[in-house]
$ cat entry_7.cif   # mmCIF, N, CA and C atoms
data_upload
#
loop_
_atom_site.label_atom_id
_atom_site.label_comp_id
_atom_site.auth_asym_id
_atom_site.auth_seq_id
_atom_site.Cartn_x
_atom_site.Cartn_y
_atom_site.Cartn_z
N MET A 1 79.96 117.75 82.09
CA MET A 1 81.15 118.29 82.74
C MET A 1 81.30 117.64 84.12
N PRO A 2 82.52 117.15 84.45
CA PRO A 2 82.70 116.50 85.75
C PRO A 2 82.63 117.50 86.90
N SER A 3 82.21 117.01 88.05
CA SER A 3 82.18 117.84 89.25
C SER A 3 83.62 118.16 89.66
N PRO A 4 83.82 119.20 90.50
CA PRO A 4 85.18 119.49 90.97
C PRO A 4 85.82 118.29 91.67
N ALA A 5 85.05 117.55 92.45
CA ALA A 5 85.59 116.37 93.13
C ALA A 5 86.00 115.30 92.13
N ASP A 6 85.15 115.06 91.12
CA ASP A 6 85.48 114.05 90.10
C ASP A 6 86.72 114.45 89.31
N ALA A 7 86.83 115.72 88.94
CA ALA A 7 88.01 116.20 88.21
C ALA A 7 89.27 116.05 89.07
N PHE A 8 89.17 116.40 90.35
CA PHE A 8 90.29 116.25 91.27
C PHE A 8 90.72 114.79 91.35
N LEU A 9 89.76 113.88 91.59
CA LEU A 9 90.09 112.46 91.71
C LEU A 9 90.71 111.91 90.44
N ALA A 10 90.19 112.30 89.28
CA ALA A 10 90.74 111.82 88.01
C ALA A 10 92.19 112.26 87.83
N GLU A 11 92.50 113.46 88.30
CA GLU A 11 93.87 113.97 88.17
C GLU A 11 94.80 113.39 89.23
N MET A 12 94.36 113.36 90.46
CA MET A 12 95.26 113.05 91.58
C MET A 12 95.40 111.57 91.89
N LEU A 13 94.30 110.84 91.91
CA LEU A 13 94.36 109.45 92.40
C LEU A 13 95.32 108.55 91.63
N PRO A 14 95.39 108.60 90.31
CA PRO A 14 96.36 107.73 89.63
C PRO A 14 97.81 108.02 90.06
N ARG A 15 98.15 109.28 90.22
CA ARG A 15 99.51 109.65 90.66
C ARG A 15 99.75 109.18 92.08
N GLN A 16 98.77 109.39 92.94
CA GLN A 16 98.91 109.01 94.34
C GLN A 16 99.02 107.49 94.50
N ILE A 17 98.18 106.75 93.83
CA ILE A 17 98.21 105.29 93.92
C ILE A 17 99.53 104.76 93.39
N SER A 18 100.03 105.31 92.31
CA SER A 18 101.33 104.90 91.79
C SER A 18 102.44 105.16 92.80
N ALA A 19 102.40 106.31 93.46
CA ALA A 19 103.41 106.65 94.47
C ALA A 19 103.31 105.72 95.68
N GLU A 20 102.09 105.37 96.08
CA GLU A 20 101.91 104.47 97.22
C GLU A 20 102.40 103.07 96.88
N ARG A 21 102.16 102.62 95.67
CA ARG A 21 102.68 101.31 95.27
C ARG A 21 104.21 101.32 95.29
N ALA A 22 104.81 102.42 94.86
CA ALA A 22 106.27 102.52 94.86
C ALA A 22 106.83 102.48 96.28
N ILE A 23 106.24 103.23 97.21
CA ILE A 23 106.77 103.22 98.58
C ILE A 23 106.63 101.84 99.21
N HIS A 24 105.58 101.11 98.83
CA HIS A 24 105.39 99.75 99.35
C HIS A 24 106.40 98.78 98.73
N ASP A 25 107.09 99.22 97.70
CA ASP A 25 108.20 98.44 97.11
C ASP A 25 109.55 99.00 97.54
N GLY A 26 109.56 99.95 98.48
CA GLY A 26 110.80 100.47 99.02
C GLY A 26 111.32 101.74 98.38
N ASP A 27 110.53 102.39 97.53
CA ASP A 27 110.96 103.60 96.82
C ASP A 27 110.11 104.80 97.23
N ALA A 28 110.68 105.70 98.03
CA ALA A 28 109.95 106.89 98.50
C ALA A 28 109.92 108.01 97.48
N GLY A 29 110.74 107.94 96.45
CA GLY A 29 110.84 109.03 95.47
C GLY A 29 109.52 109.49 94.87
N PRO A 30 108.72 108.58 94.35
CA PRO A 30 107.45 109.02 93.77
C PRO A 30 106.51 109.67 94.78
N ARG A 31 106.55 109.24 96.05
CA ARG A 31 105.70 109.88 97.05
C ARG A 31 106.13 111.33 97.23
N ASP A 32 107.41 111.60 97.19
CA ASP A 32 107.91 112.98 97.30
C ASP A 32 107.29 113.88 96.23
N THR A 33 107.04 113.33 95.05
CA THR A 33 106.52 114.15 93.95
C THR A 33 105.03 114.46 94.11
N THR A 34 104.33 113.67 94.92
CA THR A 34 102.89 113.92 95.11
C THR A 34 102.62 114.84 96.29
N TRP A 35 103.64 115.13 97.09
CA TRP A 35 103.50 115.96 98.29
C TRP A 35 104.01 117.37 98.05
N SER A 36 103.39 118.32 98.72
CA SER A 36 103.88 119.70 98.71
C SER A 36 105.18 119.77 99.50
N HIS A 37 106.12 120.54 99.00
CA HIS A 37 107.36 120.80 99.72
C HIS A 37 107.28 122.14 100.42
N ALA A 38 106.14 122.82 100.29
CA ALA A 38 105.92 124.14 100.91
C ALA A 38 105.14 123.96 102.21
N ASP A 39 105.75 124.33 103.30
CA ASP A 39 105.07 124.23 104.59
C ASP A 39 103.88 125.18 104.63
N PRO A 40 102.82 124.80 105.34
CA PRO A 40 102.74 123.69 106.27
C PRO A 40 102.35 122.38 105.59
N VAL A 41 103.03 121.32 106.00
CA VAL A 41 102.65 119.95 105.67
C VAL A 41 102.74 119.15 106.96
N SER A 42 101.94 118.07 107.05
CA SER A 42 101.94 117.28 108.27
C SER A 42 101.61 115.82 107.96
N LEU A 43 102.15 114.95 108.81
CA LEU A 43 101.99 113.51 108.66
C LEU A 43 101.66 112.93 110.02
N PHE A 44 100.51 112.33 110.13
CA PHE A 44 100.13 111.57 111.32
C PHE A 44 100.14 110.11 110.88
N GLY A 45 101.30 109.51 110.85
CA GLY A 45 101.48 108.18 110.30
C GLY A 45 100.95 107.09 111.21
N ALA A 46 100.71 105.94 110.61
CA ALA A 46 100.18 104.81 111.36
C ALA A 46 101.21 104.24 112.32
N TRP A 47 102.50 104.32 111.97
CA TRP A 47 103.54 103.71 112.80
C TRP A 47 104.57 104.72 113.28
N LEU A 48 104.40 105.98 112.92
CA LEU A 48 105.39 107.00 113.27
C LEU A 48 104.75 108.08 114.11
N PRO A 49 105.54 108.78 114.90
CA PRO A 49 104.98 109.94 115.61
C PRO A 49 104.63 111.05 114.63
N VAL A 50 103.89 112.02 115.10
CA VAL A 50 103.48 113.16 114.27
C VAL A 50 104.72 113.85 113.69
N ARG A 51 104.64 114.18 112.41
CA ARG A 51 105.71 114.91 111.73
C ARG A 51 105.12 116.17 111.13
N THR A 52 105.82 117.29 111.26
CA THR A 52 105.38 118.52 110.61
C THR A 52 106.58 119.14 109.92
N GLY A 53 106.30 119.82 108.83
CA GLY A 53 107.35 120.44 108.02
C GLY A 53 107.90 119.44 107.02
N TRP A 54 108.21 119.95 105.83
CA TRP A 54 108.64 119.07 104.75
C TRP A 54 109.89 118.27 105.11
N ALA A 55 110.86 118.84 105.79
CA ALA A 55 112.09 118.12 106.12
C ALA A 55 111.78 116.87 106.95
N ASP A 56 110.96 117.00 107.97
CA ASP A 56 110.61 115.85 108.82
C ASP A 56 109.73 114.84 108.08
N VAL A 57 108.78 115.35 107.31
CA VAL A 57 107.87 114.46 106.57
C VAL A 57 108.65 113.64 105.54
N SER A 58 109.52 114.28 104.78
CA SER A 58 110.27 113.54 103.75
C SER A 58 111.21 112.52 104.36
N GLU A 59 111.79 112.83 105.52
CA GLU A 59 112.64 111.87 106.22
C GLU A 59 111.81 110.67 106.69
N ALA A 60 110.60 110.91 107.15
CA ALA A 60 109.71 109.82 107.56
C ALA A 60 109.41 108.90 106.37
N PHE A 61 109.19 109.47 105.19
CA PHE A 61 108.93 108.66 104.00
C PHE A 61 110.09 107.71 103.72
N LYS A 62 111.31 108.21 103.85
CA LYS A 62 112.50 107.38 103.61
C LYS A 62 112.57 106.23 104.62
N ARG A 63 112.25 106.53 105.88
CA ARG A 63 112.27 105.49 106.92
C ARG A 63 111.21 104.42 106.65
N VAL A 64 110.02 104.85 106.24
CA VAL A 64 108.95 103.90 105.94
C VAL A 64 109.34 103.04 104.73
N ALA A 65 109.82 103.67 103.67
CA ALA A 65 110.19 102.95 102.45
C ALA A 65 111.26 101.89 102.73
N ALA A 66 112.19 102.20 103.63
CA ALA A 66 113.27 101.27 103.96
C ALA A 66 112.75 99.99 104.63
N GLN A 67 111.54 100.05 105.20
CA GLN A 67 110.96 98.88 105.86
C GLN A 67 110.13 98.01 104.91
N PHE A 68 109.73 98.58 103.77
CA PHE A 68 108.84 97.89 102.84
C PHE A 68 109.60 97.26 101.68
N SER A 69 109.08 96.13 101.20
CA SER A 69 109.57 95.50 99.97
C SER A 69 108.52 94.51 99.50
N GLU A 70 108.68 94.05 98.28
CA GLU A 70 107.84 92.98 97.73
C GLU A 70 106.35 93.23 97.88
N SER A 71 105.90 94.40 97.49
CA SER A 71 104.48 94.70 97.56
C SER A 71 103.70 93.77 96.65
N ARG A 72 102.70 93.16 97.20
CA ARG A 72 101.84 92.27 96.41
C ARG A 72 100.50 92.91 96.09
N GLU A 73 100.08 93.83 96.98
CA GLU A 73 98.82 94.54 96.74
C GLU A 73 98.87 95.89 97.44
N TYR A 74 98.38 96.89 96.75
CA TYR A 74 98.05 98.17 97.37
C TYR A 74 96.79 98.64 96.67
N ARG A 75 95.75 98.89 97.45
CA ARG A 75 94.48 99.37 96.87
C ARG A 75 93.93 100.45 97.79
N PHE A 76 93.50 101.56 97.20
CA PHE A 76 92.90 102.64 97.96
C PHE A 76 91.41 102.66 97.67
N GLU A 77 90.63 102.40 98.70
CA GLU A 77 89.16 102.37 98.61
C GLU A 77 88.63 103.73 99.07
N VAL A 78 88.21 104.57 98.15
CA VAL A 78 87.72 105.90 98.48
C VAL A 78 86.33 105.78 99.10
N VAL A 79 86.17 106.36 100.29
CA VAL A 79 84.88 106.39 100.97
C VAL A 79 84.20 107.73 100.73
N ALA A 80 84.99 108.81 100.77
CA ALA A 80 84.46 110.15 100.54
C ALA A 80 85.57 111.02 99.97
N ALA A 81 85.17 112.01 99.17
CA ALA A 81 86.13 112.95 98.60
C ALA A 81 85.40 114.24 98.27
N GLY A 82 86.15 115.32 98.29
CA GLY A 82 85.58 116.60 97.93
C GLY A 82 86.66 117.54 97.46
N ALA A 83 86.26 118.54 96.69
CA ALA A 83 87.20 119.55 96.19
C ALA A 83 86.45 120.85 96.03
N SER A 84 87.10 121.93 96.45
CA SER A 84 86.54 123.27 96.30
C SER A 84 87.70 124.25 96.16
N GLY A 85 87.72 124.94 95.05
CA GLY A 85 88.81 125.89 94.83
C GLY A 85 90.14 125.15 94.79
N ASP A 86 91.06 125.56 95.66
CA ASP A 86 92.39 124.97 95.67
C ASP A 86 92.61 124.00 96.83
N LEU A 87 91.53 123.52 97.45
CA LEU A 87 91.62 122.54 98.53
C LEU A 87 90.76 121.32 98.21
N ALA A 88 91.24 120.16 98.65
CA ALA A 88 90.50 118.91 98.43
C ALA A 88 90.84 117.94 99.55
N TYR A 89 90.05 116.88 99.64
CA TYR A 89 90.31 115.84 100.64
C TYR A 89 89.86 114.49 100.12
N THR A 90 90.44 113.43 100.68
CA THR A 90 89.95 112.07 100.49
C THR A 90 89.93 111.38 101.84
N VAL A 91 88.97 110.48 102.00
CA VAL A 91 88.87 109.61 103.16
C VAL A 91 88.67 108.21 102.60
N GLY A 92 89.43 107.25 103.11
CA GLY A 92 89.27 105.91 102.59
C GLY A 92 90.03 104.87 103.37
N PHE A 93 90.07 103.68 102.79
CA PHE A 93 90.81 102.56 103.36
C PHE A 93 91.92 102.18 102.40
N GLU A 94 93.10 101.95 102.95
CA GLU A 94 94.24 101.45 102.19
C GLU A 94 94.41 99.98 102.54
N HIS A 95 94.34 99.13 101.53
CA HIS A 95 94.48 97.69 101.71
C HIS A 95 95.85 97.29 101.15
N SER A 96 96.67 96.66 101.97
CA SER A 96 98.04 96.34 101.55
C SER A 96 98.43 94.92 101.93
N THR A 97 99.19 94.31 101.04
CA THR A 97 99.92 93.09 101.34
C THR A 97 101.34 93.38 100.90
N VAL A 98 102.26 93.36 101.86
CA VAL A 98 103.63 93.80 101.60
C VAL A 98 104.57 93.17 102.62
N SER A 99 105.82 93.05 102.26
CA SER A 99 106.83 92.60 103.20
C SER A 99 107.27 93.81 104.03
N VAL A 100 107.13 93.69 105.36
CA VAL A 100 107.55 94.73 106.30
C VAL A 100 108.71 94.16 107.10
N ASN A 101 109.88 94.75 106.91
CA ASN A 101 111.09 94.24 107.57
C ASN A 101 111.25 92.74 107.35
N GLY A 102 110.98 92.31 106.10
CA GLY A 102 111.19 90.92 105.72
C GLY A 102 110.06 89.97 106.03
N GLU A 103 108.99 90.43 106.64
CA GLU A 103 107.86 89.57 106.99
C GLU A 103 106.61 90.00 106.22
N LEU A 104 106.00 89.08 105.48
CA LEU A 104 104.81 89.39 104.70
C LEU A 104 103.65 89.71 105.63
N LYS A 105 103.00 90.85 105.38
CA LYS A 105 101.86 91.28 106.21
C LYS A 105 100.74 91.76 105.30
N THR A 106 99.52 91.52 105.74
CA THR A 106 98.32 92.04 105.09
C THR A 106 97.60 92.88 106.13
N TYR A 107 97.27 94.11 105.76
CA TYR A 107 96.61 95.00 106.71
C TYR A 107 95.80 96.05 105.98
N THR A 108 94.93 96.70 106.76
CA THR A 108 94.11 97.80 106.26
C THR A 108 94.37 99.01 107.16
N LEU A 109 94.49 100.18 106.55
CA LEU A 109 94.58 101.43 107.29
C LEU A 109 93.44 102.34 106.87
N ARG A 110 92.92 103.12 107.83
CA ARG A 110 92.03 104.24 107.48
C ARG A 110 92.97 105.38 107.11
N ALA A 111 92.69 106.07 106.04
CA ALA A 111 93.58 107.16 105.61
C ALA A 111 92.78 108.37 105.17
N THR A 112 93.17 109.51 105.70
CA THR A 112 92.60 110.80 105.32
C THR A 112 93.73 111.65 104.76
N HIS A 113 93.48 112.26 103.61
CA HIS A 113 94.46 113.15 102.98
C HIS A 113 93.82 114.50 102.73
N VAL A 114 94.62 115.54 102.87
CA VAL A 114 94.22 116.91 102.51
C VAL A 114 95.18 117.35 101.41
N TYR A 115 94.64 118.03 100.40
CA TYR A 115 95.40 118.43 99.23
C TYR A 115 95.28 119.93 99.02
N ARG A 116 96.32 120.50 98.41
CA ARG A 116 96.31 121.91 98.04
C ARG A 116 96.81 121.99 96.61
N ARG A 117 96.13 122.82 95.80
CA ARG A 117 96.59 123.01 94.42
C ARG A 117 97.69 124.05 94.42
N GLU A 118 98.85 123.68 93.87
CA GLU A 118 100.00 124.57 93.80
C GLU A 118 100.45 124.65 92.35
N ASP A 119 100.48 125.85 91.82
CA ASP A 119 100.89 126.05 90.42
C ASP A 119 100.12 125.12 89.48
N GLY A 120 98.82 124.96 89.75
CA GLY A 120 97.95 124.18 88.88
C GLY A 120 97.99 122.68 89.10
N GLU A 121 98.77 122.20 90.07
CA GLU A 121 98.89 120.76 90.32
C GLU A 121 98.51 120.44 91.76
N TRP A 122 97.73 119.35 91.94
CA TRP A 122 97.35 118.94 93.28
C TRP A 122 98.52 118.32 94.01
N LYS A 123 98.70 118.70 95.27
CA LYS A 123 99.76 118.17 96.13
C LYS A 123 99.15 117.81 97.48
N ILE A 124 99.64 116.74 98.09
CA ILE A 124 99.19 116.35 99.43
C ILE A 124 99.87 117.26 100.44
N VAL A 125 99.09 117.75 101.41
CA VAL A 125 99.66 118.58 102.48
C VAL A 125 99.45 117.96 103.87
N HIS A 126 98.61 116.93 103.94
CA HIS A 126 98.39 116.27 105.23
C HIS A 126 97.92 114.85 104.99
N ARG A 127 98.43 113.95 105.84
CA ARG A 127 97.98 112.55 105.82
C ARG A 127 97.81 112.10 107.26
N HIS A 128 96.69 111.44 107.53
CA HIS A 128 96.48 110.80 108.82
C HIS A 128 96.03 109.38 108.52
N ALA A 129 96.80 108.42 108.99
CA ALA A 129 96.44 107.02 108.77
C ALA A 129 96.57 106.25 110.07
N ASP A 130 95.63 105.35 110.29
CA ASP A 130 95.70 104.47 111.45
C ASP A 130 94.92 103.21 111.16
N ARG A 131 95.10 102.24 112.03
CA ARG A 131 94.40 100.98 111.89
C ARG A 131 92.95 101.16 112.34
N PRO A 132 91.98 100.64 111.59
CA PRO A 132 90.59 100.69 112.06
C PRO A 132 90.48 100.03 113.43
N PRO A 133 89.58 100.50 114.27
CA PRO A 133 89.48 99.97 115.64
C PRO A 133 89.30 98.46 115.72
N ASP A 134 88.62 97.88 114.75
CA ASP A 134 88.40 96.43 114.81
C ASP A 134 89.31 95.66 113.87
N GLU A 135 90.36 96.30 113.37
CA GLU A 135 91.33 95.63 112.51
C GLU A 135 92.38 94.95 113.39
N PRO A 136 92.61 93.66 113.20
CA PRO A 136 93.63 92.99 114.01
C PRO A 136 95.03 93.46 113.62
N GLU A 137 95.98 93.22 114.49
CA GLU A 137 97.37 93.50 114.19
C GLU A 137 97.78 92.67 112.98
N PRO A 138 98.74 93.14 112.16
CA PRO A 138 99.18 92.34 111.02
C PRO A 138 99.59 90.94 111.48
N GLY A 139 99.11 89.94 110.74
CA GLY A 139 99.43 88.56 111.07
C GLY A 139 98.38 87.86 111.90
N GLU A 140 97.49 88.61 112.58
CA GLU A 140 96.42 87.99 113.34
C GLU A 140 95.34 87.51 112.38
N THR A 141 94.60 86.51 112.79
CA THR A 141 93.53 85.96 111.96
C THR A 141 92.29 86.85 112.05
N LEU A 142 91.69 87.12 110.92
CA LEU A 142 90.43 87.86 110.90
C LEU A 142 89.31 86.91 111.28
N THR A 143 88.41 87.36 112.15
CA THR A 143 87.29 86.53 112.57
C THR A 143 86.00 87.30 112.37
N GLY A 144 84.90 86.71 112.78
CA GLY A 144 83.56 87.23 112.56
C GLY A 144 83.38 88.73 112.62
N THR A 145 83.80 89.40 113.69
CA THR A 145 83.54 90.82 113.82
C THR A 145 84.38 91.66 112.87
N HIS A 146 85.37 91.03 112.24
CA HIS A 146 86.24 91.76 111.33
C HIS A 146 85.90 91.47 109.88
N SER A 147 84.74 90.90 109.63
CA SER A 147 84.42 90.45 108.28
C SER A 147 84.41 91.58 107.26
N ARG A 148 84.17 92.82 107.69
CA ARG A 148 84.19 93.93 106.73
C ARG A 148 85.55 94.05 106.07
N TYR A 149 86.60 93.62 106.77
CA TYR A 149 87.95 93.76 106.24
C TYR A 149 88.52 92.45 105.73
N ALA A 150 87.68 91.45 105.59
CA ALA A 150 88.15 90.16 105.12
C ALA A 150 88.71 90.29 103.70
N ARG A 151 89.74 89.57 103.44
CA ARG A 151 90.41 89.65 102.14
C ARG A 151 90.21 88.38 101.38
#
$ encode --input "entry_7.cif" --output "structure tokens"
Amino acid sequence: MPSPADAFLAEMLPRQISAERAIHDGDAGPRDTTWSHADPVSLFGAWLPVRTGWADVSEAFKRVAAQFSESREYRFEVVAAGASGDLAYTVGFEHSTVSVNGELKTYTLRATHVYRREDGEWKIVHRHADRPPDEPEPGETLTGTHSRYAR
């Protein structure tokens, strides 16, 4: 029998990864389906100010999607995950190669998600993503100290 964390990951990660690939191609719709529409929800985005409440969070998704196109890679590297009852979390790295406002960029974000089970289905209720401290800005060359993130 799988652990609660393994069962959670098997159910949620394929949906979440599919939604993230879609937003990196300019479509926020699938991301909306993986998120709770019941407050409280919050977004601490990598490029946006803090957003709270479903109305603000969903508007932020549309703004982000409008900047993305031509996704070449999206990969979520899970570092840690857990689930207990109706709450779960993931911590990991998101590796992306995508056109941002018409310019191809490759970057890594640290991403933490919190999930809540609603009516038997896992939904994201919080996301915090930022660039790792030693990750160069998109377009900069990776050098020796950044080898962990070499692509």
$ resolve_selection --input "entry_7.cif" --expression "the PyMOL selection byres (((chain A and resi 86-89 and name CA) around 8) and name CA)" --output "count of residues only"
16
$ closest_residue --input "entry_7.cif" --among "A:Ala111, A:Ala7, A:Ile124, A:Ala22" --to "Glu70 in chain A" --atoms "only C-alpha atoms"
A:Ala22
$ select_by_dssp --input "entry_7.cif" --residues "chain A" --states "alpha helix (DSSP H)" --output "VMD selection string"
chain A and resid 4 to 23 29 to 34 54 to 67
$ resolve_selection --input "entry_7.cif" --expression "the PyMOL selection byres ((chain A and resi 37-39) around 7)" --output "ChimeraX atom specification"
/A:35-36,40-41,53-54
$ select_by_dssp --input "entry_7.cif" --residues "chain A" --states "strand (DSSP E or B)" --output "ChimeraX atom specification"
/A:35,42-44,51-52,68-84,87-100,103-118,121-130
$ closest_residue --input "entry_7.cif" --among "A:Val98, A:Pro14, A:Pro49, A:Asp56" --to "Arg72 in chain A" --atoms "all atoms listed in the file"
A:Val98
$ resolve_selection --input "entry_7.cif" --expression "the PyMOL selection byres (((chain A and resi 129 and name CA) around 8) and name CA)" --output "ChimeraX atom specification"
/A:44-46,109-112,127-128,130-131
$ write_last_selection --input "entry_7.cif" --atoms "N, CA and C atoms" --output "mmCIF file, keeping the file's coordinate frame"
data_model
loop_
_atom_site.group_PDB
_atom_site.id
_atom_site.type_symbol
_atom_site.label_atom_id
_atom_site.label_comp_id
_atom_site.auth_asym_id
_atom_site.auth_seq_id
_atom_site.Cartn_x
_atom_site.Cartn_y
_atom_site.Cartn_z
ATOM 1 N N PHE A 44 100.510 112.330 110.130
ATOM 2 C CA PHE A 44 100.130 111.570 111.320
ATOM 3 C C PHE A 44 100.140 110.110 110.880
ATOM 4 N N GLY A 45 101.300 109.510 110.850
ATOM 5 C CA GLY A 45 101.480 108.180 110.300
ATOM 6 C C GLY A 45 100.950 107.090 111.210
ATOM 7 N N ALA A 46 100.710 105.940 110.610
ATOM 8 C CA ALA A 46 100.180 104.810 111.360
ATOM 9 C C ALA A 46 101.210 104.240 112.320
ATOM 10 N N LEU A 109 94.490 100.180 106.550
ATOM 11 C CA LEU A 109 94.580 101.430 107.290
ATOM 12 C C LEU A 109 93.440 102.340 106.870
ATOM 13 N N ARG A 110 92.920 103.120 107.830
ATOM 14 C CA ARG A 110 92.030 104.240 107.480
ATOM 15 C C ARG A 110 92.970 105.380 107.110
ATOM 16 N N ALA A 111 92.690 106.070 106.040
ATOM 17 C CA ALA A 111 93.580 107.160 105.610
ATOM 18 C C ALA A 111 92.780 108.370 105.170
ATOM 19 N N THR A 112 93.170 109.510 105.700
ATOM 20 C CA THR A 112 92.600 110.800 105.320
ATOM 21 C C THR A 112 93.730 111.650 104.760
ATOM 22 N N ARG A 127 98.430 113.950 105.840
ATOM 23 C CA ARG A 127 97.980 112.550 105.820
ATOM 24 C C ARG A 127 97.810 112.100 107.260
ATOM 25 N N HIS A 128 96.690 111.440 107.530
ATOM 26 C CA HIS A 128 96.480 110.800 108.820
ATOM 27 C C HIS A 128 96.030 109.380 108.520
ATOM 28 N N ASP A 130 95.630 105.350 110.290
ATOM 29 C CA ASP A 130 95.700 104.470 111.450
ATOM 30 C C ASP A 130 94.920 103.210 111.160
ATOM 31 N N ARG A 131 95.100 102.240 112.030
ATOM 32 C CA ARG A 131 94.400 100.980 111.890
ATOM 33 C C ARG A 131 92.950 101.160 112.340
#
$ atom_distance --input "entry_7.cif" --atom1 "CA of Lys105 in chain A" --atom2 "CA of Trp47 in chain A"
14.2 Å
$ closest_residue --input "entry_7.cif" --among "A:Ser18, A:Ser42, A:Ser3, A:Ser96" --to "Pro30 in chain A" --atoms "all atoms listed in the file"
A:Ser18
$ closest_residue --input "entry_7.cif" --among "A:Ala28, A:Met1, A:Thr108, A:Asp119" --to "Arg63 in chain A" --atoms "only N, CA and C atoms"
A:Ala28
$ residues_around --input "entry_7.cif" --residues "Ala19 in chain A" --least-positions-apart "5" --cutoff "9 Å" --atoms "only C-alpha atoms" --output "list in words"
Pro14, His24, Asp27, Ala28, Gly29, Pro30, Arg31, Asp32, Thr33 and Thr34 of chain A
$ atom_distance --input "entry_7.cif" --atom1 "atom N of Glu77 in chain A" --atom2 "atom N of Asp25 in chain A"
16.8 Å
$ closest_residue --input "entry_7.cif" --among "A:Ile17, A:Ile23, A:Glu11, A:Pro133" --to "Ala65 in chain A" --atoms "all atoms listed in the file"
A:Ile23
